[in-house]
file input-v2.cif (mmCIF, C-alpha atoms)
data_work
#
loop_
_atom_site.group_PDB
_atom_site.id
_atom_site.type_symbol
_atom_site.label_atom_id
_atom_site.label_comp_id
_atom_site.auth_asym_id
_atom_site.auth_seq_id
_atom_site.Cartn_x
_atom_site.Cartn_y
_atom_site.Cartn_z
ATOM 1 C CA MET A 26 110.922 80.449 121.234
ATOM 2 C CA ILE A 27 112.308 83.914 121.919
ATOM 3 C CA GLU A 28 115.837 82.621 121.384
ATOM 4 C CA SER A 29 115.028 82.064 117.712
ATOM 5 C CA TYR A 30 115.019 85.863 117.248
ATOM 6 C CA LEU A 31 118.676 86.110 118.247
ATOM 7 C CA PRO A 32 119.817 86.154 114.573
ATOM 8 C CA VAL A 33 117.423 89.042 113.953
ATOM 9 C CA LEU A 34 118.980 90.971 116.822
ATOM 10 C CA VAL A 35 122.464 90.182 115.498
ATOM 11 C CA PHE A 36 121.412 91.502 112.085
ATOM 12 C CA ILE A 37 119.970 94.682 113.621
ATOM 13 C CA VAL A 38 123.212 95.335 115.532
ATOM 14 C CA LEU A 39 125.348 94.561 112.453
ATOM 15 C CA ALA A 40 123.213 96.768 110.194
ATOM 16 C CA MET A 41 123.415 99.635 112.670
ATOM 17 C CA GLY A 42 127.181 99.158 112.858
ATOM 18 C CA ILE A 43 127.554 99.192 109.094
ATOM 19 C CA GLY A 44 125.448 102.347 108.964
ATOM 20 C CA VAL A 45 127.215 104.176 111.797
ATOM 21 C CA VAL A 46 130.876 103.194 111.300
ATOM 22 C CA PRO A 47 131.414 104.891 107.879
ATOM 23 C CA LEU A 48 129.759 108.066 109.175
ATOM 24 C CA LEU A 49 131.969 108.076 112.266
ATOM 25 C CA ALA A 50 135.052 107.242 110.218
ATOM 26 C CA GLY A 51 134.327 110.145 107.891
ATOM 27 C CA PHE A 52 133.726 112.408 110.860
ATOM 28 C CA VAL A 53 136.941 111.449 112.615
ATOM 29 C CA LEU A 54 139.371 110.872 109.740
ATOM 30 C CA ALA A 55 138.363 113.432 107.115
ATOM 31 C CA PRO A 56 140.292 116.716 107.048
ATOM 32 C CA ARG A 57 138.061 119.666 107.852
ATOM 33 C CA ARG A 58 139.030 123.215 107.002
ATOM 34 C CA PRO A 59 135.768 125.186 106.888
ATOM 35 C CA ASP A 60 135.666 128.751 105.632
ATOM 36 C CA GLN A 61 132.941 131.264 104.825
ATOM 37 C CA ASP A 62 132.408 130.156 101.230
ATOM 38 C CA LYS A 63 132.375 126.443 101.939
ATOM 39 C CA LEU A 64 129.701 126.788 104.622
ATOM 40 C CA SER A 65 127.385 129.152 102.783
ATOM 41 C CA PRO A 66 124.234 127.709 101.161
ATOM 42 C CA TYR A 67 124.832 126.884 97.529
ATOM 43 C CA GLU A 68 122.355 126.781 94.666
ATOM 44 C CA CYS A 69 124.095 126.754 91.281
ATOM 45 C CA GLY A 70 126.198 129.748 92.167
ATOM 46 C CA PHE A 71 123.256 131.927 93.309
ATOM 47 C CA GLU A 72 122.086 132.724 96.789
ATOM 48 C CA ALA A 73 119.352 130.246 97.803
ATOM 49 C CA PHE A 74 116.011 131.407 96.388
ATOM 50 C CA GLU A 75 113.706 129.622 98.827
ATOM 51 C CA ASP A 76 113.443 126.944 101.473
ATOM 52 C CA SER A 77 114.450 123.532 100.153
ATOM 53 C CA ARG A 78 111.363 122.074 101.846
ATOM 54 C CA MET A 79 108.554 122.776 99.399
ATOM 55 C CA GLN A 80 104.875 122.195 99.822
ATOM 56 C CA PHE A 81 103.523 118.849 98.630
ATOM 57 C CA ASP A 82 100.425 118.489 96.507
ATOM 58 C CA VAL A 83 97.399 117.101 98.341
ATOM 59 C CA ARG A 84 97.152 114.320 95.733
ATOM 60 C CA TYR A 85 100.104 112.511 97.342
ATOM 61 C CA TYR A 86 98.082 112.402 100.547
ATOM 62 C CA LEU A 87 95.144 110.798 98.737
ATOM 63 C CA VAL A 88 97.378 108.086 97.261
ATOM 64 C CA ALA A 89 98.976 107.454 100.669
ATOM 65 C CA ILE A 90 95.662 107.132 102.508
ATOM 66 C CA LEU A 91 94.220 104.798 99.865
ATOM 67 C CA PHE A 92 97.394 102.711 100.207
ATOM 68 C CA ILE A 93 96.986 102.516 104.015
ATOM 69 C CA ILE A 94 93.427 101.257 103.689
ATOM 70 C CA PHE A 95 94.336 98.381 101.405
ATOM 71 C CA ASP A 96 97.476 97.716 103.447
ATOM 72 C CA LEU A 97 95.216 97.174 106.463
ATOM 73 C CA GLU A 98 92.962 94.910 104.425
ATOM 74 C CA ILE A 99 95.984 92.738 103.605
ATOM 75 C CA ALA A 100 97.067 92.756 107.271
ATOM 76 C CA PHE A 101 93.659 91.245 108.104
ATOM 77 C CA LEU A 102 94.177 88.552 105.463
ATOM 78 C CA PHE A 103 97.295 87.029 107.069
ATOM 79 C CA PRO A 104 95.774 85.542 110.264
ATOM 80 C CA TRP A 105 92.748 84.501 108.231
ATOM 81 C CA ALA A 106 94.908 82.515 105.810
ATOM 82 C CA ILE A 107 96.693 80.786 108.710
ATOM 83 C CA VAL A 108 93.543 79.579 110.485
ATOM 84 C CA LEU A 109 91.286 79.037 107.470
ATOM 85 C CA ASP A 110 91.167 75.260 108.103
ATOM 86 C CA GLU A 111 89.957 75.765 111.673
ATOM 87 C CA ILE A 112 87.325 78.481 111.182
ATOM 88 C CA GLY A 113 85.746 76.787 108.177
ATOM 89 C CA LEU A 114 83.021 78.150 105.969
ATOM 90 C CA PHE A 115 81.899 80.762 108.517
ATOM 91 C CA GLY A 116 85.319 82.364 108.549
ATOM 92 C CA PHE A 117 85.416 82.264 104.763
ATOM 93 C CA GLY A 118 82.038 84.030 104.624
ATOM 94 C CA ALA A 119 83.188 86.627 107.155
ATOM 95 C CA MET A 120 86.202 87.472 104.993
ATOM 96 C CA ALA A 121 84.046 87.456 101.847
ATOM 97 C CA VAL A 122 81.753 90.092 103.396
ATOM 98 C CA PHE A 123 84.803 92.089 104.553
ATOM 99 C CA ILE A 124 86.377 92.097 101.106
ATOM 100 C CA GLY A 125 82.973 92.728 99.507
ATOM 101 C CA ILE A 126 82.526 95.913 101.561
ATOM 102 C CA LEU A 127 86.000 97.109 100.627
ATOM 103 C CA LEU A 128 85.353 96.191 96.993
ATOM 104 C CA ILE A 129 82.578 98.803 97.004
ATOM 105 C CA GLY A 130 85.141 101.353 98.117
ATOM 106 C CA PHE A 131 87.597 100.176 95.469
ATOM 107 C CA LEU A 132 85.001 100.447 92.701
ATOM 108 C CA TYR A 133 84.006 103.883 94.030
ATOM 109 C CA GLU A 134 87.556 105.211 93.883
ATOM 110 C CA TRP A 135 88.121 103.649 90.461
ATOM 111 C CA LYS A 136 84.950 105.138 88.970
ATOM 112 C CA LYS A 137 85.583 108.469 90.677
ATOM 113 C CA GLY A 138 89.001 108.616 89.028
ATOM 114 C CA ALA A 139 91.005 108.805 92.263
ATOM 115 C CA LEU A 140 93.515 106.319 90.858
ATOM 116 C CA GLU A 141 94.202 108.472 87.803
ATOM 117 C CA TRP A 142 97.302 110.636 87.905
ATOM 118 C CA GLU A 143 96.681 113.789 85.926
ATOM 119 C CA MET B 184 118.788 87.476 132.296
ATOM 120 C CA ILE B 185 120.068 88.535 128.869
ATOM 121 C CA GLU B 186 116.436 88.830 127.782
ATOM 122 C CA LYS B 187 115.898 91.414 130.515
ATOM 123 C CA VAL B 188 118.954 93.371 129.370
ATOM 124 C CA ILE B 189 117.659 93.417 125.768
ATOM 125 C CA PHE B 190 114.228 94.502 127.010
ATOM 126 C CA TYR B 191 115.678 97.428 128.960
ATOM 127 C CA VAL B 192 117.858 98.470 126.000
ATOM 128 C CA PHE B 193 114.812 98.547 123.711
ATOM 129 C CA ALA B 194 112.665 100.239 126.356
ATOM 130 C CA GLY B 195 115.354 102.890 126.851
ATOM 131 C CA ILE B 196 115.571 103.570 123.104
ATOM 132 C CA LEU B 197 111.765 103.727 122.967
ATOM 133 C CA LEU B 198 111.520 106.319 125.745
ATOM 134 C CA ALA B 199 114.368 108.408 124.343
ATOM 135 C CA ALA B 200 112.813 108.402 120.868
ATOM 136 C CA ALA B 201 109.383 109.241 122.303
ATOM 137 C CA LEU B 202 110.916 112.190 124.144
ATOM 138 C CA LEU B 203 112.572 113.306 120.911
ATOM 139 C CA VAL B 204 109.182 113.215 119.122
ATOM 140 C CA ILE B 205 107.809 115.961 121.360
ATOM 141 C CA THR B 206 111.001 117.990 121.796
ATOM 142 C CA ALA B 207 112.500 118.024 118.275
ATOM 143 C CA ARG B 208 112.383 121.469 116.668
ATOM 144 C CA ASN B 209 111.935 120.182 113.148
ATOM 145 C CA PRO B 210 108.603 118.370 112.559
ATOM 146 C CA VAL B 211 110.304 116.048 110.059
ATOM 147 C CA HIS B 212 112.736 114.974 112.792
ATOM 148 C CA SER B 213 109.726 114.371 115.084
ATOM 149 C CA ALA B 214 108.132 112.137 112.459
ATOM 150 C CA LEU B 215 111.364 110.174 111.972
ATOM 151 C CA SER B 216 111.703 109.706 115.746
ATOM 152 C CA LEU B 217 108.166 108.375 115.736
ATOM 153 C CA VAL B 218 109.326 105.780 113.187
ATOM 154 C CA LEU B 219 111.985 104.707 115.705
ATOM 155 C CA VAL B 220 109.327 104.555 118.442
ATOM 156 C CA PHE B 221 107.153 102.247 116.332
ATOM 157 C CA PHE B 222 110.118 100.095 115.378
ATOM 158 C CA THR B 223 111.273 99.612 118.985
ATOM 159 C CA SER B 224 107.735 98.861 120.160
ATOM 160 C CA ALA B 225 107.570 96.223 117.428
ATOM 161 C CA ALA B 226 110.766 94.729 118.857
ATOM 162 C CA LEU B 227 109.206 94.733 122.345
ATOM 163 C CA TRP B 228 106.109 92.993 120.984
ATOM 164 C CA LEU B 229 108.320 90.374 119.373
ATOM 165 C CA MET B 230 109.863 89.808 122.799
ATOM 166 C CA ALA B 231 106.372 89.378 124.249
ATOM 167 C CA GLU B 232 105.838 86.719 121.539
ATOM 168 C CA ALA B 233 103.196 88.769 119.764
ATOM 169 C CA GLU B 234 104.952 88.292 116.434
ATOM 170 C CA PHE B 235 102.048 89.085 114.147
ATOM 171 C CA LEU B 236 101.236 92.323 115.948
ATOM 172 C CA GLY B 237 104.874 93.358 115.887
ATOM 173 C CA ILE B 238 105.234 92.805 112.152
ATOM 174 C CA ALA B 239 101.833 94.400 111.474
ATOM 175 C CA LEU B 240 103.064 97.436 113.425
ATOM 176 C CA ILE B 241 106.091 97.737 111.148
ATOM 177 C CA LEU B 242 104.117 97.089 107.949
ATOM 178 C CA VAL B 243 101.167 99.348 108.681
ATOM 179 C CA TYR B 244 102.562 102.090 110.909
ATOM 180 C CA VAL B 245 106.169 102.400 109.751
ATOM 181 C CA GLY B 246 105.398 101.537 106.134
ATOM 182 C CA ALA B 247 102.208 103.472 105.590
ATOM 183 C CA VAL B 248 101.054 105.722 108.443
ATOM 184 C CA MET B 249 104.416 107.430 108.880
ATOM 185 C CA VAL B 250 104.607 108.163 105.152
ATOM 186 C CA LEU B 251 101.217 109.803 105.521
ATOM 187 C CA PHE B 252 102.467 111.796 108.535
ATOM 188 C CA LEU B 253 105.444 113.011 106.523
ATOM 189 C CA PHE B 254 103.168 114.018 103.638
ATOM 190 C CA VAL B 255 100.989 115.964 106.064
ATOM 191 C CA VAL B 256 104.049 117.692 107.550
ATOM 192 C CA MET B 257 105.263 118.609 104.066
ATOM 193 C CA MET B 258 101.789 119.710 102.965
ATOM 194 C CA LEU B 259 101.230 122.067 105.867
ATOM 195 C CA ASP B 260 104.475 123.947 105.175
ATOM 196 C CA ILE B 261 104.997 124.683 108.856
ATOM 197 C CA ASN B 262 107.080 127.640 109.908
ATOM 198 C CA ILE B 263 109.291 126.092 112.582
ATOM 199 C CA ALA B 264 110.105 129.244 114.531
ATOM 200 C CA VAL B 265 106.446 130.259 114.850
ATOM 201 C CA MET B 266 105.425 126.779 115.963
ATOM 202 C CA ARG B 267 107.800 126.740 118.931
ATOM 203 C CA GLU B 268 106.508 130.005 120.388
ATOM 204 C CA GLY B 269 103.392 128.726 122.120
ATOM 205 C CA PHE B 270 105.023 125.881 124.063
ATOM 206 C CA SER B 271 104.667 127.307 127.569
ATOM 207 C CA ARG B 272 101.310 128.860 126.720
ATOM 208 C CA TYR B 273 99.793 125.488 125.761
ATOM 209 C CA LEU B 274 101.516 123.555 128.563
ATOM 210 C CA PRO B 275 98.665 123.813 131.146
ATOM 211 C CA LEU B 276 96.073 122.738 128.574
ATOM 212 C CA GLY B 277 98.261 119.854 127.411
ATOM 213 C CA ALA B 278 98.896 118.725 130.980
ATOM 214 C CA LEU B 279 95.145 118.834 131.685
ATOM 215 C CA VAL B 280 94.420 116.666 128.627
ATOM 216 C CA ALA B 281 97.156 114.212 129.690
ATOM 217 C CA VAL B 282 95.767 113.920 133.227
ATOM 218 C CA ILE B 283 92.222 113.336 131.915
ATOM 219 C CA MET B 284 93.492 110.642 129.535
ATOM 220 C CA VAL B 285 95.358 108.827 132.318
ATOM 221 C CA LEU B 286 92.240 108.954 134.524
ATOM 222 C CA GLN B 287 90.101 107.570 131.691
ATOM 223 C CA MET B 288 92.508 104.694 131.130
ATOM 224 C CA LEU B 289 92.529 103.902 134.841
ATOM 225 C CA LEU B 290 88.709 103.958 134.880
ATOM 226 C CA VAL B 291 88.521 101.556 131.919
ATOM 227 C CA ILE B 292 91.012 99.156 133.502
ATOM 228 C CA GLY B 293 89.227 99.429 136.846
ATOM 229 C CA ALA B 294 85.764 98.888 135.338
ATOM 230 C CA ALA B 295 86.811 95.840 133.329
ATOM 231 C CA GLY B 296 88.510 94.385 136.388
ATOM 232 C CA VAL B 297 91.317 93.113 134.178
ATOM 233 C CA ASP B 298 93.218 90.232 135.684
ATOM 234 C CA LEU B 299 96.660 90.392 134.112
ATOM 235 C CA SER B 300 97.665 86.929 135.247
ATOM 236 C CA GLY B 301 95.415 85.498 132.522
ATOM 237 C CA PHE B 302 97.445 87.310 129.861
ATOM 238 C CA ALA B 303 100.682 85.991 131.336
ATOM 239 C CA GLU B 304 99.391 82.446 130.933
ATOM 240 C CA ALA B 305 98.240 83.058 127.374
ATOM 241 C CA THR B 306 101.617 84.388 126.287
ATOM 242 C CA ASN B 307 103.601 81.727 128.100
ATOM 243 C CA PRO B 308 104.672 79.215 125.430
ATOM 244 C CA ALA B 309 104.954 76.439 128.003
ATOM 245 C CA LEU B 310 101.223 76.700 128.770
ATOM 246 C CA SER B 311 99.867 77.357 125.285
ATOM 247 C CA GLU B 312 101.051 75.294 122.361
ATOM 248 C CA THR B 313 99.415 77.487 119.747
ATOM 249 C CA ASN B 314 101.027 80.720 118.539
ATOM 250 C CA ASN B 315 99.899 84.303 118.585
ATOM 251 C CA ILE B 316 98.646 84.640 115.004
ATOM 252 C CA ARG B 317 96.661 81.400 115.286
ATOM 253 C CA MET B 318 95.024 82.511 118.537
ATOM 254 C CA LEU B 319 94.173 85.856 116.987
ATOM 255 C CA GLY B 320 92.728 84.332 113.833
ATOM 256 C CA ASN B 321 90.625 81.802 115.693
ATOM 257 C CA VAL B 322 88.628 84.479 117.522
ATOM 258 C CA LEU B 323 88.792 87.427 115.117
ATOM 259 C CA TYR B 324 86.740 85.824 112.335
ATOM 260 C CA THR B 325 84.318 83.893 114.557
ATOM 261 C CA VAL B 326 83.680 85.408 117.988
ATOM 262 C CA TYR B 327 84.488 88.985 116.969
ATOM 263 C CA VAL B 328 83.061 88.812 113.443
ATOM 264 C CA TYR B 329 80.780 91.816 114.035
ATOM 265 C CA PRO B 330 83.594 94.218 115.047
ATOM 266 C CA PHE B 331 85.573 92.751 112.129
ATOM 267 C CA GLU B 332 82.876 93.720 109.622
ATOM 268 C CA LEU B 333 82.550 97.095 111.358
ATOM 269 C CA ALA B 334 86.255 97.591 110.644
ATOM 270 C CA ALA B 335 85.486 97.060 106.956
ATOM 271 C CA MET B 336 82.778 99.740 107.164
ATOM 272 C CA VAL B 337 85.195 102.146 108.868
ATOM 273 C CA LEU B 338 87.749 101.544 106.106
ATOM 274 C CA LEU B 339 85.070 102.094 103.444
ATOM 275 C CA LEU B 340 84.130 105.347 105.175
ATOM 276 C CA ALA B 341 87.801 106.366 105.158
ATOM 277 C CA ILE B 342 88.083 105.694 101.408
ATOM 278 C CA ILE B 343 84.994 107.752 100.587
ATOM 279 C CA ALA B 344 85.862 110.576 102.997
ATOM 280 C CA ALA B 345 89.433 110.848 101.697
ATOM 281 C CA ILE B 346 88.232 110.985 98.094
ATOM 282 C CA MET B 347 85.502 113.524 98.866
ATOM 283 C CA LEU B 348 87.912 115.781 100.776
ATOM 284 C CA THR B 349 90.989 115.723 98.580
ATOM 285 C CA LEU B 350 90.034 114.780 95.025
ATOM 286 C CA ARG B 351 90.149 117.891 92.866
ATOM 287 C CA ARG B 352 89.747 117.802 89.127
ATOM 288 C CA ARG B 353 91.706 120.523 87.460
ATOM 289 C CA GLY B 354 91.035 121.674 83.930
ATOM 290 C CA GLY B 355 93.540 121.713 81.103
ATOM 291 C CA THR B 356 95.485 118.640 82.138
ATOM 292 C CA ARG B 357 96.544 116.160 79.468
ATOM 293 C CA HIS B 358 95.247 112.629 79.758
ATOM 294 C CA GLN B 359 96.516 109.459 78.201
ATOM 295 C CA ASP B 360 93.556 107.401 76.972
ATOM 296 C CA ILE B 361 95.059 103.947 76.539
ATOM 297 C CA ASN B 362 91.848 102.559 75.044
ATOM 298 C CA LYS B 363 91.972 105.144 72.287
ATOM 299 C CA GLN B 364 95.668 104.536 71.719
ATOM 300 C CA VAL B 365 95.172 100.820 71.240
ATOM 301 C CA ARG B 366 92.171 101.182 68.945
ATOM 302 C CA THR B 367 93.858 103.641 66.617
ATOM 303 C CA THR B 368 94.196 102.745 62.935
ATOM 304 C CA LYS B 369 96.844 103.412 60.359
ATOM 305 C CA ALA B 370 94.617 105.947 58.608
ATOM 306 C CA GLU B 371 94.524 108.196 61.687
ATOM 307 C CA ARG B 372 98.263 108.393 62.119
ATOM 308 C CA LEU B 373 99.827 108.014 58.705
ATOM 309 C CA ARG B 374 99.434 110.138 55.558
ATOM 310 C CA MET B 375 101.239 109.203 52.353
ATOM 311 C CA VAL B 376 102.598 112.204 50.519
ATOM 312 C CA ARG B 377 103.818 112.096 46.935
ATOM 313 C CA MET B 378 107.003 114.130 46.700
ATOM 314 C CA ALA B 379 108.612 115.636 43.634
ATOM 315 C CA SER B 380 111.892 113.755 44.059
ATOM 316 C CA GLU B 381 110.047 110.464 44.220
ATOM 317 C CA GLN B 382 108.410 111.036 40.816
ATOM 318 C CA LYS B 383 111.785 111.663 39.188
ATOM 319 C CA ASN B 384 113.097 108.340 40.444
ATOM 320 C CA GLU B 385 110.185 106.416 38.958
ATOM 321 C CA GLN B 386 110.757 107.674 35.447
#

call {"tool": "encode", "arguments": {"input": "input-v2.cif", "output": "structure tokens"}}
result
Amino acid sequence: MIESYLPVLVFIVLAMGIGVVPLLAGFVLAPRRPDQDKLSPYECGFEAFEDSRMQFDVRYYLVAILFIIFDLEIAFLFPWAIVLDEIGLFGFGAMAVFIGILLIGFLYEWKKGALEWE
Amino acid sequence: MIEKVIFYVFAGILLAAALLVITARNPVHSALSLVLVFFTSAALWLMAEAEFLGIALILVYVGAVMVLFLFVVMMLDINIAVMREGFSRYLPLGALVAVIMVLQMLLVIGAAGVDLSGFAEATNPALSETNNIRMLGNVLYTVYVYPFELAAMVLLLAIIAAIMLTLRRRGGTRHQDINKQVRTTKAERLRMVRMASEQKNEQ
């Protein structure tokens, strides 16, 4: 069973190699003659005005957290879909209640305008 | 044998990345190390034949929770130099919290009287024909249906709390009303104007 993941491991190792080798090659092979002007921070010819890391708007956070919630809902759907034949109508009802509760939340955020991007 | 080697490689990467999470100077680097921690733990779970949990870890934690962490880091606009100052000052408090957490975990394990040999049997493919996701699904929606519905309530609470806390309407923003756009008529948009040059052509 665990042997069937060997291709996955091979792919992980290959992908890491493909990612690392060009970086290393550039590091080793490229000529490097640093001087004061090359190393100084550059912003269209001016001195840098501010930190390149700027503050994010809180609205991105709202979108991300709403995404997580429905991501989790979908994660719950996968095992349910696999065993639906075995758990029968009771399992179907359980999922219907689950999705019904989250539907309230979905309608709430829709009506509240949380999905609108101003 | 080779399985053990792979396990120790992944475990080593996991511990190194976890150490990097708490020692990295830049909070963005910490968050990215945490991505590596989640990814390697998913690999370890795959090795324990908990495939669904491993993939759920990647989908939910790496795909969604870490993005949220990065947003929070970017939102707070942390001054890195200031943040590092209090390390030794908070060390005793942090150590105390860690010790209490370890004691609590030991108490829970002791109270439940967990017999780990049962888990070994359940995950051994020779003893159980059925796979991890099937076993999980069979109990989650029947035996544990009440905690399952409670999870829905917790998620609903999270939706409402997030909207209440962060949704701000600001005035003066321009909206696109698609309904109005679709229902518009020719009369609203188009005005025929009779020009002087046009009249000359007609004559």

call {"tool": "closest_atom_pairs", "arguments": {"input": "input-v2.cif", "of": "chain A", "to": "chain B", "cutoff": "7 Å", "atoms": "all atoms listed in the file", "output": "CSV"}}
result
residue,atom,partner,partner_atom,distance
A:Ile27,CA,B:Met230,CA,6.4
A:Gln80,CA,B:Met258,CA,5.1
A:Phe81,CA,B:Met258,CA,4.7
A:Asp82,CA,B:Met258,CA,6.7
A:Val83,CA,B:Thr349,CA,6.6
A:Arg84,CA,B:Thr349,CA,6.9
A:Tyr86,CA,B:Phe254,CA,6.2
A:Leu87,CA,B:Ala345,CA,6.4
A:Ala89,CA,B:Leu251,CA,5.8
A:Ile90,CA,B:Leu251,CA,6.9
A:Leu91,CA,B:Ile342,CA,6.4
A:Ile93,CA,B:Ala247,CA,5.5
A:Ile94,CA,B:Leu338,CA,6.2
A:Asp96,CA,B:Val243,CA,6.6
A:Leu97,CA,B:Val243,CA,6.7
A:Ala100,CA,B:Ala239,CA,6.6
A:Pro104,CA,B:Gly320,CA,4.8
A:Trp105,CA,B:Gly320,CA,5.6
A:Ile107,CA,B:Arg317,CA,6.6
A:Val108,CA,B:Gly320,CA,5.9
A:Ile112,CA,B:Asn321,CA,6.5
A:Gly116,CA,B:Tyr324,CA,5.3
A:Ala119,CA,B:Tyr324,CA,6.3
A:Phe123,CA,B:Ala335,CA,5.6
A:Ile126,CA,B:Ala335,CA,6.3
A:Leu127,CA,B:Leu339,CA,5.8
A:Gly130,CA,B:Leu339,CA,5.4
A:Ala139,CA,B:Leu350,CA,6.7
A:Glu143,CA,B:Thr356,CA,6.3

call {"tool": "write_last_selection", "arguments": {"input": "input-v2.cif", "atoms": "C-alpha atoms", "output": "compact mmCIF listing (two decimals), keeping the file's coordinate frame"}}
result
# COMPACT_ATOMS: atom_id res chain seq x y z
CA ILE A 27 112.31 83.91 121.92
CA GLN A 80 104.88 122.20 99.82
CA PHE A 81 103.52 118.85 98.63
CA ASP A 82 100.42 118.49 96.51
CA VAL A 83 97.40 117.10 98.34
CA ARG A 84 97.15 114.32 95.73
CA TYR A 86 98.08 112.40 100.55
CA LEU A 87 95.14 110.80 98.74
CA ALA A 89 98.98 107.45 100.67
CA ILE A 90 95.66 107.13 102.51
CA LEU A 91 94.22 104.80 99.86
CA ILE A 93 96.99 102.52 104.02
CA ILE A 94 93.43 101.26 103.69
CA ASP A 96 97.48 97.72 103.45
CA LEU A 97 95.22 97.17 106.46
CA ALA A 100 97.07 92.76 107.27
CA PRO A 104 95.77 85.54 110.26
CA TRP A 105 92.75 84.50 108.23
CA ILE A 107 96.69 80.79 108.71
CA VAL A 108 93.54 79.58 110.48
CA ILE A 112 87.32 78.48 111.18
CA GLY A 116 85.32 82.36 108.55
CA ALA A 119 83.19 86.63 107.16
CA PHE A 123 84.80 92.09 104.55
CA ILE A 126 82.53 95.91 101.56
CA LEU A 127 86.00 97.11 100.63
CA GLY A 130 85.14 101.35 98.12
CA ALA A 139 91.00 108.80 92.26
CA GLU A 143 96.68 113.79 85.93

call {"tool": "atom_distance", "arguments": {"input": "input-v2.cif", "atom1": "atom CA of Ala199 of chain B", "atom2": "atom CA of Thr223 of chain B"}}
result
10.8 Å

call {"tool": "atom_distance", "arguments": {"input": "input-v2.cif", "atom1": "atom CA of Pro32 of chain A", "atom2": "atom CA of Trp228 of chain B"}}
result
16.6 Å

call {"tool": "closest_residue", "arguments": {"input": "input-v2.cif", "among": "B:Leu227, B:Leu215, B:Val280, B:Met375", "to": "Tyr191 of chain B", "atoms": "only C-alpha atoms"}}
result
B:Leu227

call {"tool": "atom_distance", "arguments": {"input": "input-v2.cif", "atom1": "atom CA of Pro330 of chain B", "atom2": "atom CA of Phe221 of chain B"}}
result
24.9 Å

call {"tool": "residues_near_point", "arguments": {"input": "input-v2.cif", "point": "(112.9, 109.4, 113.6)", "cutoff": "12 Å", "atoms": "only C-alpha atoms", "output": "ChimeraX atom specification"}}
result
/B:196-197,199-205,207,209-223,245,249-250,252-253

call {"tool": "build_atoms", "arguments": {"input": "input-v2.cif", "residues": "segment 272-285 of chain B", "atoms": "N, CA and C atoms", "output": "tab-separated table (two decimals), keeping the file's coordinate frame"}}
result
chain	number	residue	atom	x	y	z
B	272	ARG	N	102.70	128.39	126.65
B	272	ARG	CA	101.31	128.86	126.72
B	272	ARG	C	100.34	127.67	126.69
B	273	TYR	N	100.70	126.63	125.88
B	273	TYR	CA	99.79	125.49	125.76
B	273	TYR	C	100.07	124.40	126.79
B	274	LEU	N	101.13	124.60	127.61
B	274	LEU	CA	101.52	123.56	128.56
B	274	LEU	C	100.41	123.20	129.55
B	275	PRO	N	99.73	124.19	130.20
B	275	PRO	CA	98.66	123.81	131.15
B	275	PRO	C	97.55	123.02	130.48
B	276	LEU	N	97.14	123.44	129.28
B	276	LEU	CA	96.07	122.74	128.57
B	276	LEU	C	96.50	121.32	128.23
B	277	GLY	N	97.74	121.17	127.76
B	277	GLY	CA	98.26	119.85	127.41
B	277	GLY	C	98.34	118.94	128.62
B	278	ALA	N	98.80	119.51	129.75
B	278	ALA	CA	98.90	118.72	130.98
B	278	ALA	C	97.51	118.27	131.43
B	279	LEU	N	96.51	119.17	131.29
B	279	LEU	CA	95.14	118.83	131.68
B	279	LEU	C	94.64	117.66	130.85
B	280	VAL	N	94.86	117.74	129.52
B	280	VAL	CA	94.42	116.67	128.63
B	280	VAL	C	95.10	115.35	129.01
B	281	ALA	N	96.42	115.42	129.32
B	281	ALA	CA	97.16	114.21	129.69
B	281	ALA	C	96.59	113.59	130.95
B	282	VAL	N	96.30	114.44	131.96
B	282	VAL	CA	95.77	113.92	133.23
B	282	VAL	C	94.41	113.26	133.00
B	283	ILE	N	93.54	113.91	132.18
B	283	ILE	CA	92.22	113.34	131.92
B	283	ILE	C	92.36	111.99	131.21
B	284	MET	N	93.31	111.91	130.26
B	284	MET	CA	93.49	110.64	129.54
B	284	MET	C	93.94	109.53	130.46
B	285	VAL	N	94.88	109.85	131.37
B	285	VAL	CA	95.36	108.83	132.32
B	285	VAL	C	94.20	108.36	133.20
